[in-house]
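Coordinates as given in input14.csv (CSV, C-alpha atoms):
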```csv
chain,number,residue,atom,x,y,z
A,1,MET,CA,0.0,0.0,0.0
A,2,SER,CA,1.2,3.5,-0.7
A,3,ASN,CA,1.2,6.8,1.0
A,4,GLY,CA,-2.1,8.6,0.9
A,5,LEU,CA,-1.1,12.1,0.0
A,6,ILE,CA,1.5,11.3,-2.7
A,7,ASP,CA,-0.8,9.0,-4.6
A,8,GLY,CA,-4.0,11.0,-4.1
A,9,ASP,CA,-5.8,8.6,-1.8
A,10,ASP,CA,-7.4,11.6,0.0
A,11,ASP,CA,-8.7,12.9,-3.2
A,12,LEU,CA,-10.0,9.4,-4.1
A,13,LEU,CA,-11.8,9.1,-0.8
A,14,ARG,CA,-13.4,12.5,-1.3
A,15,ARG,CA,-14.6,11.4,-4.7
A,16,ILE,CA,-15.9,8.1,-3.3
A,17,ALA,CA,-18.0,10.1,-0.9
A,18,ARG,CA,-19.6,11.9,-3.8
A,19,GLY,CA,-20.4,8.5,-5.4
A,20,ASP,CA,-17.6,8.4,-8.0
A,21,GLU,CA,-17.4,4.8,-9.1
A,22,MET,CA,-14.1,5.2,-10.9
A,23,ALA,CA,-12.5,6.6,-7.8
A,24,PHE,CA,-13.7,3.6,-5.8
A,25,LEU,CA,-12.4,1.2,-8.3
A,26,THR,CA,-9.0,2.9,-8.4
A,27,PHE,CA,-8.8,2.9,-4.6
A,28,TYR,CA,-9.9,-0.7,-4.4
A,29,ARG,CA,-7.4,-1.9,-7.0
A,30,ARG,CA,-4.6,0.0,-5.3
A,31,HIS,CA,-5.2,-1.4,-1.9
A,32,GLN,CA,-7.0,-4.7,-2.2
A,33,GLY,CA,-3.9,-6.9,-2.6
A,34,PRO,CA,-2.3,-6.0,0.8
A,35,VAL,CA,-5.6,-6.2,2.6
A,36,TYR,CA,-6.4,-9.6,1.1
A,37,ARG,CA,-2.9,-10.9,1.8
A,38,PHE,CA,-3.0,-9.6,5.4
A,39,ALA,CA,-6.3,-11.4,6.0
A,40,LEU,CA,-5.1,-14.6,4.4
A,41,GLN,CA,-1.8,-14.6,6.3
A,42,MET,CA,-3.6,-13.9,9.5
A,43,SER,CA,-6.4,-16.5,9.1
A,44,GLY,CA,-4.8,-19.1,6.8
A,45,ARG,CA,-8.2,-19.4,5.0
A,46,SER,CA,-9.1,-17.9,1.7
A,47,GLU,CA,-12.8,-17.6,2.4
A,48,ILE,CA,-12.1,-15.5,5.5
A,49,ALA,CA,-9.6,-13.4,3.5
A,50,GLU,CA,-12.3,-12.7,0.8
A,51,GLU,CA,-14.9,-11.8,3.3
A,52,VAL,CA,-12.6,-9.5,5.2
A,53,THR,CA,-11.5,-7.8,2.0
A,54,GLN,CA,-15.1,-7.2,1.1
A,55,ASP,CA,-15.9,-5.9,4.6
A,56,VAL,CA,-13.0,-3.5,4.6
A,57,PHE,CA,-14.0,-1.9,1.3
A,58,MET,CA,-17.6,-1.8,2.3
A,59,VAL,CA,-16.5,0.4,5.2
A,60,VAL,CA,-14.6,2.6,2.7
A,61,MET,CA,-17.7,2.7,0.5
A,62,ARG,CA,-20.1,3.6,3.4
A,63,SER,CA,-17.8,5.9,5.4
A,64,PRO,CA,-15.0,7.3,3.2
A,65,LYS,CA,-14.7,10.2,5.5
A,66,GLN,CA,-13.8,8.0,8.4
A,67,TYR,CA,-10.2,8.0,7.5
A,68,ASP,CA,-8.3,10.7,9.3
A,69,SER,CA,-4.9,11.4,7.7
A,70,ARG,CA,-3.6,12.9,11.0
A,71,ARG,CA,-3.8,9.5,12.6
A,72,GLY,CA,-1.7,7.6,10.1
A,73,SER,CA,-1.4,6.5,6.5
A,74,VAL,CA,-4.2,5.0,4.5
A,75,ALA,CA,-2.4,1.7,4.6
A,76,ALA,CA,-2.3,1.7,8.4
A,77,TYR,CA,-6.0,2.7,8.5
A,78,LEU,CA,-7.0,-0.2,6.1
A,79,TYR,CA,-4.8,-2.7,7.9
A,80,GLY,CA,-6.4,-1.6,11.2
A,81,VAL,CA,-9.9,-2.1,9.8
A,82,ALA,CA,-8.9,-5.4,8.3
A,83,ARG,CA,-7.4,-6.5,11.6
A,84,ASN,CA,-10.7,-5.8,13.4
A,85,PHE,CA,-12.6,-7.9,11.0
A,86,VAL,CA,-10.0,-10.7,11.1
A,87,LEU,CA,-10.0,-10.8,14.8
A,88,ARG,CA,-13.8,-10.9,14.9
A,89,ARG,CA,-13.8,-13.8,12.5
A,90,LEU,CA,-11.1,-15.6,14.4
A,91,GLU,CA,-13.1,-15.1,17.6
A,92,GLN,CA,-16.0,-16.8,15.9
A,93,ASP,CA,-13.8,-19.6,14.8
A,94,ARG,CA,-12.1,-20.0,18.2
A,95,PRO,CA,-12.2,-23.8,18.3
A,96,TYR,CA,-10.3,-24.0,15.0
A,97,LEU,CA,-7.8,-21.4,16.2
A,98,ALA,CA,-7.3,-22.9,19.6
A,99,ALA,CA,-5.7,-25.8,17.9
A,100,LEU,CA,-3.5,-23.4,15.9
A,101,ASP,CA,-2.6,-21.3,18.9
A,102,ASP,CA,-1.5,-24.3,20.9
A,103,PRO,CA,2.2,-24.7,20.3
A,104,ASP,CA,2.1,-28.4,20.9
A,105,SER,CA,-0.7,-29.0,18.4
A,106,GLY,CA,1.2,-26.8,16.0
A,107,HIS,CA,4.2,-29.0,16.2
A,108,ALA,CA,2.0,-32.1,16.1
A,109,GLN,CA,0.4,-30.8,12.9
A,110,LEU,CA,3.8,-30.1,11.4
A,111,ALA,CA,5.2,-33.4,12.4
A,112,ALA,CA,2.1,-35.2,11.2
A,113,THR,CA,2.4,-34.1,7.7
A,114,GLY,CA,4.8,-37.0,7.1
A,115,HIS,CA,7.3,-34.8,5.2
A,116,ASP,CA,10.8,-34.2,6.3
A,117,PRO,CA,10.6,-30.4,6.6
A,118,LEU,CA,14.2,-29.6,7.5
A,119,SER,CA,16.8,-31.9,6.1
A,120,ASP,CA,17.3,-30.8,2.5
A,121,LEU,CA,13.9,-29.2,2.3
A,122,THR,CA,12.8,-27.8,-1.0
A,123,ARG,CA,12.0,-24.1,-0.9
A,124,ASN,CA,8.3,-24.8,-1.2
A,125,GLU,CA,8.4,-27.1,1.8
A,126,ARG,CA,10.3,-24.6,3.9
A,127,VAL,CA,7.9,-21.8,3.0
A,128,GLU,CA,4.9,-24.0,3.7
A,129,SER,CA,6.3,-25.1,7.0
A,130,LEU,CA,7.0,-21.5,8.0
A,131,ARG,CA,3.5,-20.5,6.9
A,132,ARG,CA,2.0,-23.0,9.3
A,133,ALA,CA,4.4,-21.9,12.0
A,134,VAL,CA,3.2,-18.3,11.5
A,135,LEU,CA,-0.4,-19.4,11.7
A,136,ALA,CA,0.4,-21.3,14.9
A,137,LEU,CA,1.6,-18.1,16.6
A,138,PRO,CA,-0.6,-16.5,19.1
A,139,THR,CA,-2.6,-13.7,17.4
A,140,ALA,CA,-0.8,-10.8,19.0
A,141,TYR,CA,2.6,-12.1,17.7
A,142,ARG,CA,1.2,-13.2,14.4
A,143,GLU,CA,-0.1,-9.8,13.5
A,144,VAL,CA,3.2,-8.1,14.0
A,145,VAL,CA,5.0,-10.7,12.0
A,146,VAL,CA,2.5,-10.4,9.2
A,147,LEU,CA,2.7,-6.6,9.2
A,148,CYS,CA,6.4,-6.0,9.8
A,149,ASP,CA,8.0,-9.0,8.1
A,150,LEU,CA,5.5,-10.2,5.5
A,151,HIS,CA,4.3,-6.7,4.5
A,152,GLU,CA,7.4,-4.8,5.3
A,153,MET,CA,5.5,-2.2,7.2
A,154,ASP,CA,7.5,0.2,9.4
A,155,TYR,CA,7.0,0.1,13.2
A,156,ALA,CA,5.2,3.4,13.3
A,157,ASP,CA,2.6,2.3,10.8
A,158,ALA,CA,2.3,-1.1,12.4
A,159,ALA,CA,1.7,0.6,15.7
A,160,ALA,CA,-1.0,2.8,14.2
A,161,ALA,CA,-2.7,-0.2,12.6
A,162,LEU,CA,-2.5,-2.2,15.8
A,163,GLN,CA,-3.3,0.8,18.0
A,164,CYS,CA,-0.4,0.1,20.3
A,165,ALA,CA,2.9,1.7,21.1
A,166,ILE,CA,5.9,1.3,18.8
A,167,GLY,CA,7.8,-0.3,21.7
A,168,THR,CA,5.1,-2.9,21.9
A,169,VAL,CA,5.5,-3.7,18.2
A,170,ARG,CA,9.2,-4.0,18.6
A,171,SER,CA,9.1,-6.3,21.6
A,172,ARG,CA,6.3,-8.5,20.1
A,173,LEU,CA,8.2,-8.8,16.9
A,174,HIS,CA,11.3,-9.9,18.7
A,175,ARG,CA,9.4,-12.4,20.7
A,176,ALA,CA,7.5,-13.7,17.7
A,177,ARG,CA,10.7,-14.3,15.7
A,178,ALA,CA,12.1,-16.1,18.7
A,179,LEU,CA,9.1,-18.3,18.8
A,180,LEU,CA,9.4,-19.0,15.1
A,181,ALA,CA,13.0,-19.9,15.5
A,182,GLU,CA,12.2,-22.2,18.3
A,183,LYS,CA,9.5,-23.8,16.2
A,184,MET,CA,11.9,-24.3,13.3
A,185,ARG,CA,14.4,-25.8,15.7
A,186,ALA,CA,11.7,-28.1,17.1
A,187,GLU,CA,10.9,-29.2,13.6
A,188,GLU,CA,14.5,-29.9,13.0
A,189,ARG,CA,14.6,-32.1,16.0
A,190,CYS,CA,11.4,-33.9,14.9
A,191,ALA,CA,12.8,-34.5,11.5
A,192,VAL,CA,16.0,-36.0,12.7
B,1,MET,CA,19.6,-10.2,15.4
B,2,ASN,CA,21.1,-13.6,16.0
B,3,HIS,CA,21.6,-16.3,13.4
B,4,ALA,CA,18.4,-18.2,14.1
B,5,GLU,CA,16.4,-15.0,13.9
B,6,SER,CA,18.1,-14.0,10.7
B,7,LYS,CA,17.1,-17.4,9.2
B,8,VAL,CA,13.5,-16.8,10.3
B,9,VAL,CA,13.5,-13.4,8.7
B,10,GLU,CA,14.9,-14.8,5.5
B,11,GLY,CA,12.3,-17.6,5.5
B,12,LEU,CA,9.6,-15.0,6.1
B,13,GLN,CA,10.8,-13.0,3.1
B,14,ALA,CA,10.4,-16.1,1.0
B,15,LEU,CA,6.9,-16.6,2.5
B,16,ALA,CA,6.0,-13.0,1.6
B,17,ALA,CA,7.1,-13.6,-2.0
B,18,ASP,CA,5.1,-16.7,-2.1
B,19,SER,CA,1.8,-15.2,-1.0
B,20,PRO,CA,-1.0,-14.4,-3.5
B,21,ARG,CA,-0.8,-10.8,-4.7
B,22,GLN,CA,-4.5,-10.2,-5.4
B,23,ALA,CA,-8.0,-10.8,-4.1
B,24,PRO,CA,-10.1,-13.0,-6.4
B,25,ALA,CA,-11.9,-11.1,-9.2
B,26,HIS,CA,-15.4,-11.9,-7.8
B,27,VAL,CA,-14.7,-9.8,-4.7
B,28,GLU,CA,-14.2,-6.7,-6.9
B,29,ALA,CA,-17.4,-7.6,-8.9
B,30,ARG,CA,-19.4,-7.9,-5.7
B,31,LEU,CA,-18.2,-4.6,-4.3
B,32,LEU,CA,-18.8,-2.9,-7.6
B,33,GLY,CA,-22.4,-4.2,-7.7
B,34,GLU,CA,-22.9,-2.9,-4.2
B,35,PHE,CA,-21.4,0.5,-5.0
B,36,ARG,CA,-23.7,0.8,-8.0
B,37,SER,CA,-26.8,-0.1,-6.1
B,38,ARG,CA,-25.8,2.4,-3.4
B,39,SER,CA,-25.2,5.1,-6.0
B,40,ARG,CA,-28.7,4.5,-7.5
B,41,ALA,CA,-30.3,4.8,-4.1
B,42,ARG,CA,-28.3,7.9,-3.3
B,43,LEU,CA,-29.4,9.5,-6.6
B,44,ARG,CA,-33.0,8.6,-5.9
B,45,ASN,CA,-32.8,10.2,-2.5
B,46,ARG,CA,-31.1,13.3,-3.8
B,47,TRP,CA,-33.7,13.7,-6.5
B,48,LEU,CA,-36.5,13.4,-3.9
B,49,VAL,CA,-34.9,16.0,-1.7
B,50,PHE,CA,-34.3,18.3,-4.7
B,51,SER,CA,-37.8,17.9,-6.0
B,52,GLY,CA,-39.2,18.3,-2.6
B,53,GLY,CA,-37.3,21.5,-2.1
B,54,ALA,CA,-38.2,22.8,-5.6
B,55,ILE,CA,-41.9,22.0,-4.9
B,56,ALA,CA,-41.7,23.7,-1.6
B,57,ALA,CA,-40.2,26.8,-3.2
B,58,GLY,CA,-42.9,26.7,-5.8
B,59,ILE,CA,-45.6,26.5,-3.1
B,60,VAL,CA,-44.1,29.5,-1.3
B,61,MET,CA,-44.1,31.4,-4.5
B,62,PHE,CA,-47.7,30.3,-5.3
B,63,VAL,CA,-49.1,31.2,-2.0
B,64,SER,CA,-47.5,34.5,-1.9
B,65,LEU,CA,-49.1,35.4,-5.3
B,66,ARG,CA,-52.6,34.0,-4.9
B,67,PRO,CA,-55.4,35.6,-2.9
B,68,ALA,CA,-55.1,34.3,0.7
B,69,PRO,CA,-57.8,31.9,1.9
B,70,ALA,CA,-59.4,32.5,5.2
B,71,PRO,CA,-56.7,31.7,7.7
B,72,THR,CA,-59.0,30.1,10.2
B,73,GLU,CA,-60.3,27.6,7.7
B,74,LEU,CA,-56.7,26.6,6.9
B,75,HIS,CA,-55.9,26.0,10.6
B,76,LYS,CA,-59.0,24.3,11.5
B,77,ALA,CA,-59.1,22.0,8.5
B,78,PRO,CA,-59.2,18.4,9.5
B,79,VAL,CA,-56.2,16.4,8.5
B,80,SER,CA,-57.1,13.0,7.0
B,81,GLN,CA,-53.8,11.0,6.9
B,82,SER,CA,-55.4,8.0,5.6
B,83,ALA,CA,-57.4,9.7,2.9
B,84,PRO,CA,-56.8,7.9,-0.4
B,85,ALA,CA,-54.9,10.1,-2.9
B,86,GLU,CA,-57.5,9.4,-5.6
B,87,LEU,CA,-60.2,11.0,-3.4
B,88,ALA,CA,-58.0,14.0,-2.9
B,89,VAL,CA,-57.7,14.7,-6.5
B,90,ALA,CA,-61.0,13.5,-7.9
B,91,PRO,CA,-61.5,15.1,-11.4
B,92,GLY,CA,-63.7,18.1,-11.4
B,93,ASP,CA,-63.3,18.6,-7.8
B,94,ASP,CA,-62.2,22.1,-8.1
B,95,THR,CA,-63.7,24.7,-5.8
B,96,ALA,CA,-64.0,28.4,-6.1
B,97,THR,CA,-60.9,28.9,-4.0
B,98,GLY,CA,-58.8,26.4,-5.9
B,99,GLU,CA,-58.8,24.0,-3.0
B,100,VAL,CA,-59.2,20.3,-3.9
B,101,ALA,CA,-60.9,17.7,-1.7
B,102,GLU,CA,-59.5,16.7,1.7
B,103,ASN,CA,-58.1,20.2,2.1
B,104,PHE,CA,-55.4,20.0,-0.6
B,105,TYR,CA,-54.9,23.3,-2.4
B,106,ARG,CA,-54.4,22.9,-6.1
B,107,LEU,CA,-51.1,24.3,-7.4
B,108,PRO,CA,-51.3,26.6,-10.4
B,109,ASP,CA,-49.3,24.3,-12.6
B,110,ALA,CA,-51.5,21.3,-11.8
B,111,ASP,CA,-54.0,22.4,-14.5
B,112,ILE,CA,-51.6,21.9,-17.3
B,113,LEU,CA,-50.3,18.5,-16.1
B,114,PRO,CA,-51.6,15.2,-17.3
B,115,PRO,CA,-54.6,13.7,-15.4
B,116,LEU,CA,-53.8,11.7,-12.4
B,117,ASP,CA,-53.7,7.9,-12.7
B,118,SER,CA,-52.2,7.4,-9.3
B,119,ALA,CA,-50.8,9.6,-6.6
B,120,VAL,CA,-48.7,9.6,-3.5
B,121,ILE,CA,-48.6,11.9,-0.5
B,122,VAL,CA,-45.2,13.1,0.6
B,123,ARG,CA,-44.8,14.9,3.9
B,124,VAL,CA,-42.3,17.8,3.9
B,125,GLN,CA,-41.2,20.6,6.2
B,126,LEU,CA,-42.0,24.2,5.1
B,127,PRO,CA,-40.9,27.4,6.8
B,128,LEU,CA,-43.5,29.1,8.9
B,129,SER,CA,-42.8,32.2,7.0
B,130,SER,CA,-44.6,30.6,4.0
B,131,LEU,CA,-47.8,30.6,6.1
B,132,ALA,CA,-47.3,34.3,6.7
B,133,ALA,CA,-47.2,34.8,2.9
B,134,MET,CA,-50.6,33.1,2.8
B,135,GLY,CA,-52.0,35.7,5.2
B,136,VAL,CA,-51.9,33.5,8.3
B,137,PRO,CA,-50.9,35.5,11.4
B,138,VAL,CA,-47.5,34.2,12.5
B,139,ASP,CA,-45.6,35.2,15.6
B,140,GLU,CA,-42.4,36.8,14.2
B,141,ASP,CA,-40.3,35.1,16.8
B,142,ARG,CA,-41.3,31.8,15.3
B,143,ALA,CA,-41.0,32.8,11.7
B,144,SER,CA,-37.8,30.7,11.3
B,145,GLU,CA,-39.6,27.6,12.5
B,146,SER,CA,-41.1,25.2,10.0
B,147,VAL,CA,-44.4,23.3,9.7
B,148,GLN,CA,-45.3,20.1,8.1
B,149,ALA,CA,-47.1,19.9,4.9
B,150,ASP,CA,-48.3,17.1,2.7
B,151,LEU,CA,-47.6,17.3,-1.0
B,152,LEU,CA,-49.7,15.4,-3.5
B,153,LEU,CA,-47.5,14.0,-6.2
B,154,GLY,CA,-48.8,12.4,-9.4
B,155,GLN,CA,-47.6,9.3,-11.2
B,156,ASP,CA,-44.9,11.5,-12.9
B,157,GLY,CA,-43.6,12.7,-9.6
B,158,LEU,CA,-44.9,16.3,-10.1
B,159,ALA,CA,-46.9,18.1,-7.4
B,160,ARG,CA,-50.6,18.7,-7.9
B,161,GLY,CA,-51.6,20.0,-4.4
B,162,VAL,CA,-50.5,20.8,-0.9
B,163,ARG,CA,-52.1,20.7,2.5
B,164,PHE,CA,-50.7,22.0,5.8
B,165,ILE,CA,-50.5,20.0,9.0
B,166,ASP,CA,-50.7,22.3,12.0
```
Would you write out, as structure tokens, the structure that this file holds?
Amino acid sequence: MSNGLIDGDDDLLRRIARGDEMAFLTFYRRHQGPVYRFALQMSGRSEIAEEVTQDVFMVVMRSPKQYDSRRGSVAAYLYGVARNFVLRRLEQDRPYLAALDDPDSGHAQLAATGHDPLSDLTRNERVESLRRAVLALPTAYREVVVLCDLHEMDYADAAAALQCAIGTVRSRLHRARALLAEKMRAEERCAV
Amino acid sequence: MNHAESKVVEGLQALAADSPRQAPAHVEARLLGEFRSRSRARLRNRWLVFSGGAIAAGIVMFVSLRPAPAPTELHKAPVSQSAPAELAVAPGDDTATGEVAENFYRLPDADILPPLDSAVIVRVQLPLSSLAAMGVPVDEDRASESVQADLLLGQDGLARGVRFID
């Protein structure tokens, strides 16, 4: 996602408020990719990602003036809205997530695939294994990894999207990476 | 960043590159459909507000030019909310004062409009000053307040008559 002022997102939002279809389409096409990816990487399920993407842009359609440029970039705003929808959906699907959030079940799931994920892994296997490890992270850690590592968002924007302090983003990211490293090591041990 | 963490970050970069870049096309199609239907609704509402305002302005102009009816009659006139619109505009129902049945006052342009097949009654707010223009005594302190009025709209959306609700 790009900076609002440089690329005219503010102007697009004003035109959307007036019912300009082209402005909405431009805005959607510019931002839908990151929103969809964020929802997919957070939930691991394409149907949730589709729903969340739709919900986020329905908010833009209904209340284009809700975005306040003084509170952060358009990207941070959209990630923030997407995050709320994702968390709501994850809350509804808690039984499914409980299994994912449980480190032991995450390892069990990884080990149960029957693949040898670490010794001479192909790139795809490694990526797939890491994807599952990210999904197995507790939500608070998963969202900082998704925003800062997968979406390369800076700490300030991530803090705006997550409505927390920059220091919190830093510490959670550090902890999340440590958890992932631990999971990878555990996989290594399982594979041996 | 230690070695293990570096490896994780490297793996995450590969994962980022591997992720889908776009939402499926049907998401865009659904949103576009929703946007269009909202735009149509907004246009309809805007037209209603605009035509209501134009009609109200027309009424104010009309009542300021025509001879004022007896103010007491206007105020004491019973309001029949459930009166069918057809009754209100029965052909040949003109009276000497230009008032149609059920206390609707015929608008001057109504005579040149097509006959009514069907009608609807729309309630709008009019400034109290428009009553003063009709000769109704109005407290000057309340001149900026508004009153409710029913507009009788034909099948073409154009106003035929008006009645005031006290």
For the contact check between chain A and chain B, emit one row per residue of chain A within 8 Å, containing the shortest atom pair and the distance in Å rounded to one decimal, counting only C-alpha atoms, chain then rising number order, as JSON lines.
```
{"residue": "A:Gly19", "atom": "CA", "partner": "B:Ser39", "partner_atom": "CA", "distance": 5.9}
{"residue": "A:Glu21", "atom": "CA", "partner": "B:Phe35", "partner_atom": "CA", "distance": 7.2}
{"residue": "A:Leu25", "atom": "CA", "partner": "B:Leu32", "partner_atom": "CA", "distance": 7.6}
{"residue": "A:Tyr28", "atom": "CA", "partner": "B:Glu28", "partner_atom": "CA", "distance": 7.8}
{"residue": "A:Gln32", "atom": "CA", "partner": "B:Ala23", "partner_atom": "CA", "distance": 6.5}
{"residue": "A:Gly33", "atom": "CA", "partner": "B:Gln22", "partner_atom": "CA", "distance": 4.4}
{"residue": "A:Pro34", "atom": "CA", "partner": "B:Arg21", "partner_atom": "CA", "distance": 7.5}
{"residue": "A:Tyr36", "atom": "CA", "partner": "B:Ala23", "partner_atom": "CA", "distance": 5.6}
{"residue": "A:Arg37", "atom": "CA", "partner": "B:Pro20", "partner_atom": "CA", "distance": 6.6}
{"residue": "A:Glu50", "atom": "CA", "partner": "B:Val27", "partner_atom": "CA", "distance": 6.7}
{"residue": "A:Thr53", "atom": "CA", "partner": "B:Ala23", "partner_atom": "CA", "distance": 7.6}
{"residue": "A:Gln54", "atom": "CA", "partner": "B:Val27", "partner_atom": "CA", "distance": 6.4}
{"residue": "A:Phe57", "atom": "CA", "partner": "B:Leu31", "partner_atom": "CA", "distance": 7.5}
{"residue": "A:Met58", "atom": "CA", "partner": "B:Leu31", "partner_atom": "CA", "distance": 7.2}
{"residue": "A:Met61", "atom": "CA", "partner": "B:Phe35", "partner_atom": "CA", "distance": 7.0}
{"residue": "A:Arg126", "atom": "CA", "partner": "B:Gly11", "partner_atom": "CA", "distance": 7.5}
{"residue": "A:Val127", "atom": "CA", "partner": "B:Leu15", "partner_atom": "CA", "distance": 5.3}
{"residue": "A:Glu128", "atom": "CA", "partner": "B:Leu15", "partner_atom": "CA", "distance": 7.8}
{"residue": "A:Leu130", "atom": "CA", "partner": "B:Gly11", "partner_atom": "CA", "distance": 7.0}
{"residue": "A:Arg131", "atom": "CA", "partner": "B:Leu15", "partner_atom": "CA", "distance": 6.8}
{"residue": "A:Asp149", "atom": "CA", "partner": "B:Leu12", "partner_atom": "CA", "distance": 6.5}
{"residue": "A:Leu150", "atom": "CA", "partner": "B:Ala16", "partner_atom": "CA", "distance": 4.8}
{"residue": "A:His151", "atom": "CA", "partner": "B:Ala16", "partner_atom": "CA", "distance": 7.1}
{"residue": "A:Arg177", "atom": "CA", "partner": "B:Glu5", "partner_atom": "CA", "distance": 6.0}
{"residue": "A:Ala178", "atom": "CA", "partner": "B:Glu5", "partner_atom": "CA", "distance": 6.5}
{"residue": "A:Leu180", "atom": "CA", "partner": "B:Val8", "partner_atom": "CA", "distance": 6.7}
{"residue": "A:Ala181", "atom": "CA", "partner": "B:Ala4", "partner_atom": "CA", "distance": 5.8}
```
Report summary line: Pairwise distance, atom CA of Pro114 of chain B with atom CA of Leu158 of chain B, equals 9.9 Å
Query raised in the report: What is the distance, in Å and to one decimal place, between atom CA of Asp20 of chain A and atom CA of Asp156 of chain B?
Result: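 Separating atom CA of Asp20 of chain A from atom CA of Asp156 of chain B is a distance of 27.9 Å.
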Requested in this report: State, in Å with one decimal place, the distance from atom CA of Val120 of chain B to atom CA of Ile59 of chain B.
Outcome: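 A separation of 17.2 Å between them.
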**Report entry** Pick from A:Ser63, A:Val56, A:Ala136, A:Leu179 nearest to Gly44 of chain A, counting all atoms listed in the file
**Finding:** A:Ala136
Requested in this report: Starting from the point (8.3, -8.7, 23.3), work out which residues of protein, DNA or RNA have an atom no more than 12 Å away when counting all atoms listed in the file; state them as a VMD selection string.
Outcome: chain A and resid 140 to 141 144 to 145 165 to 179
Query raised in the report: Given the choices B:Arg44, B:Arg106, B:Arg160, B:Arg123, which gets closest to Gln148 of chain B if the distance is worked out from only C-alpha atoms?
Result: B:Arg123
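Look at Ala149 of chain B: the protein and nucleic acid residues within 10 Å of it, using only C-alpha atoms and passing over chain neighbours fewer than 6 places away, are Ala56, Phe104, Ile121, Val122, Arg123, Val124, Gln125, Leu126, Pro127, Val162, Arg163, Phe164, Ile165 and Asp166 of chain B.
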Okay, now the selection with C-alpha atoms, as a tab-separated table (two decimals), keeping the file's coordinate frame?
```tsv
chain	number	residue	atom	x	y	z
B	56	ALA	CA	-41.70	23.70	-1.60
B	104	PHE	CA	-55.40	20.00	-0.60
B	121	ILE	CA	-48.60	11.90	-0.50
B	122	VAL	CA	-45.20	13.10	0.60
B	123	ARG	CA	-44.80	14.90	3.90
B	124	VAL	CA	-42.30	17.80	3.90
B	125	GLN	CA	-41.20	20.60	6.20
B	126	LEU	CA	-42.00	24.20	5.10
B	127	PRO	CA	-40.90	27.40	6.80
B	162	VAL	CA	-50.50	20.80	-0.90
B	163	ARG	CA	-52.10	20.70	2.50
B	164	PHE	CA	-50.70	22.00	5.80
B	165	ILE	CA	-50.50	20.00	9.00
B	166	ASP	CA	-50.70	22.30	12.00
```
